[in-house]
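K.L.:
Just dropping this structure here.
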Amino acid sequence: MEEVEVEGEEEEEEVAVVEEEDRVKEERARVLRDRLRIAVIGVAESQARQSGLTVSQPVMTAICDITHKFTEQLGKELQLFAHHAGRKSINMDDVILAARRNEDVATALKAASHELPDKKRKKAQGEQQDNHFLVID
């Protein structure tokens, strides 16, 4: 009988740990979403001022929502590209591949990737190029 009680307590503790981890992940996602929203609003307002325009609140909300959805989708694509290549990290090639739908962005990223200090240093040493960013699950 004692053995059954111990197993039940262990399962309850495991459930509590998983629930706490989920709560922490949700809170982190909320904070990141809020920070992205603040940054997007700042950029949109700055661009509007430079152009002599105003952006209504509903339009600003739509821009923030679209940016958030785009960012989530981009993150998923990057994870898939790295996983497909058998890696647990995302590198610049994944980012360039994800930008393939927008030729201007892809071209700018390719040019920027050639200017990265780590890449220049590794090229000079004859090592394989490999700029990695951690994948966050």
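How things are named: the first chain in the structure tokens is A, the next is B, and so on; residues count from 1 in each chain; ligands count from 1 in the order shown.
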I'd like the neighbourhood of A:Arg100 as a ChimeraX atom specification, where a residue qualifies if any of its atoms comes within 12 Å (using only C-alpha atoms), though same-chain residues fewer than 6 positions away should be ignored.
P.N.:
/A:74,77,93-94,106-110
K.L.:
Give me a file of those residues, with all heavy atoms, as a PDB file, in the first residue's frame.
P.N.:
```pdb
ATOM      1  N   LEU A  74       8.712  32.253 -39.000  1.00  0.00           N
ATOM      2  CA  LEU A  74      10.138  32.250 -39.336  1.00  0.00           C
ATOM      3  C   LEU A  74      10.912  31.344 -38.384  1.00  0.00           C
ATOM      4  O   LEU A  74      11.754  30.551 -38.815  1.00  0.00           O
ATOM      5  CB  LEU A  74      10.694  33.678 -39.285  1.00  0.00           C
ATOM      6  CG  LEU A  74      12.187  33.834 -39.554  1.00  0.00           C
ATOM      7  CD1 LEU A  74      12.544  33.358 -40.956  1.00  0.00           C
ATOM      8  CD2 LEU A  74      12.600  35.281 -39.338  1.00  0.00           C
ATOM      9  N   GLU A  77      10.280  27.747 -39.309  1.00  0.00           N
ATOM     10  CA  GLU A  77      11.015  27.371 -40.520  1.00  0.00           C
ATOM     11  C   GLU A  77      12.494  27.162 -40.228  1.00  0.00           C
ATOM     12  O   GLU A  77      13.097  26.198 -40.699  1.00  0.00           O
ATOM     13  CB  GLU A  77      10.846  28.448 -41.596  1.00  0.00           C
ATOM     14  CG  GLU A  77       9.500  28.455 -42.252  1.00  0.00           C
ATOM     15  CD  GLU A  77       9.392  29.497 -43.346  1.00  0.00           C
ATOM     16  OE1 GLU A  77      10.426  30.051 -43.788  1.00  0.00           O
ATOM     17  OE2 GLU A  77       8.256  29.769 -43.772  1.00  0.00           O
ATOM     18  N   ASP A  93      23.087  30.187 -43.023  1.00  0.00           N
ATOM     19  CA  ASP A  93      22.534  29.593 -44.240  1.00  0.00           C
ATOM     20  C   ASP A  93      21.030  29.328 -44.085  1.00  0.00           C
ATOM     21  O   ASP A  93      20.265  29.492 -45.026  1.00  0.00           O
ATOM     22  CB  ASP A  93      23.258  28.295 -44.601  1.00  0.00           C
ATOM     23  CG  ASP A  93      24.692  28.542 -45.039  1.00  0.00           C
ATOM     24  OD1 ASP A  93      24.991  29.655 -45.515  1.00  0.00           O
ATOM     25  OD2 ASP A  93      25.509  27.617 -44.900  1.00  0.00           O
ATOM     26  N   ASP A  94      20.615  28.926 -42.890  1.00  0.00           N
ATOM     27  CA  ASP A  94      19.186  28.703 -42.625  1.00  0.00           C
ATOM     28  C   ASP A  94      18.412  30.014 -42.750  1.00  0.00           C
ATOM     29  O   ASP A  94      17.319  30.053 -43.309  1.00  0.00           O
ATOM     30  CB  ASP A  94      18.972  28.110 -41.234  1.00  0.00           C
ATOM     31  CG  ASP A  94      19.638  26.754 -41.054  1.00  0.00           C
ATOM     32  OD1 ASP A  94      19.638  25.962 -42.012  1.00  0.00           O
ATOM     33  OD2 ASP A  94      20.153  26.498 -39.957  1.00  0.00           O
ATOM     34  N   ALA A 106      16.971  38.477 -48.949  1.00  0.00           N
ATOM     35  CA  ALA A 106      17.955  37.408 -49.121  1.00  0.00           C
ATOM     36  C   ALA A 106      19.293  37.974 -49.578  1.00  0.00           C
ATOM     37  O   ALA A 106      20.353  37.579 -49.067  1.00  0.00           O
ATOM     38  CB  ALA A 106      17.437  36.368 -50.110  1.00  0.00           C
ATOM     39  N   THR A 107      19.277  38.904 -50.524  1.00  0.00           N
ATOM     40  CA  THR A 107      20.507  39.520 -51.024  1.00  0.00           C
ATOM     41  C   THR A 107      21.214  40.291 -49.916  1.00  0.00           C
ATOM     42  O   THR A 107      22.427  40.179 -49.746  1.00  0.00           O
ATOM     43  CB  THR A 107      20.185  40.458 -52.207  1.00  0.00           C
ATOM     44  OG1 THR A 107      19.562  39.693 -53.238  1.00  0.00           O
ATOM     45  CG2 THR A 107      21.441  41.112 -52.755  1.00  0.00           C
ATOM     46  N   ALA A 108      20.438  41.053 -49.133  1.00  0.00           N
ATOM     47  CA  ALA A 108      21.028  41.821 -48.029  1.00  0.00           C
ATOM     48  C   ALA A 108      21.632  40.888 -46.980  1.00  0.00           C
ATOM     49  O   ALA A 108      22.715  41.156 -46.448  1.00  0.00           O
ATOM     50  CB  ALA A 108      19.974  42.728 -47.399  1.00  0.00           C
ATOM     51  N   LEU A 109      20.946  39.791 -46.682  1.00  0.00           N
ATOM     52  CA  LEU A 109      21.462  38.836 -45.692  1.00  0.00           C
ATOM     53  C   LEU A 109      22.742  38.172 -46.192  1.00  0.00           C
ATOM     54  O   LEU A 109      23.690  37.972 -45.419  1.00  0.00           O
ATOM     55  CB  LEU A 109      20.418  37.767 -45.375  1.00  0.00           C
ATOM     56  CG  LEU A 109      19.293  38.205 -44.448  1.00  0.00           C
ATOM     57  CD1 LEU A 109      18.205  37.146 -44.409  1.00  0.00           C
ATOM     58  CD2 LEU A 109      19.817  38.480 -43.055  1.00  0.00           C
ATOM     59  N   LYS A 110      22.781  37.819 -47.465  1.00  0.00           N
ATOM     60  CA  LYS A 110      23.997  37.208 -48.012  1.00  0.00           C
ATOM     61  C   LYS A 110      25.166  38.165 -47.902  1.00  0.00           C
ATOM     62  O   LYS A 110      26.266  37.774 -47.515  1.00  0.00           O
ATOM     63  CB  LYS A 110      23.770  36.801 -49.470  1.00  0.00           C
ATOM     64  CG  LYS A 110      22.905  35.587 -49.637  1.00  0.00           C
ATOM     65  CD  LYS A 110      22.667  35.273 -51.103  1.00  0.00           C
ATOM     66  CE  LYS A 110      21.654  34.161 -51.262  1.00  0.00           C
ATOM     67  NZ  LYS A 110      21.300  33.931 -52.665  1.00  0.00           N
TER      68      LYS A 110
END
```
K.L.:
Which is closer to A:Leu97 than all the others in A:Ala39, A:Leu78, A:Glu9, A:Ile66, using only C-alpha atoms?
P.N.:
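That would be A:Leu78, the residue with the smallest distance to A:Leu97.
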K.L.:
Could you jot down the atom CA of A:Val59 to atom CA of A:Asn102 separation for me, Å, one decimal place?
P.N.:
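Computing the Euclidean distance for atom CA of A:Val59 and atom CA of A:Asn102 yields 22.9 Å.
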K.L.:
Can you list, as a ChimeraX atom specification, every residue of stretch 26-131 of chain A that DSSP puts in helix (DSSP H, G or I)?
P.N.:
/A:26-51,57-84,92-101,103-114,117-124
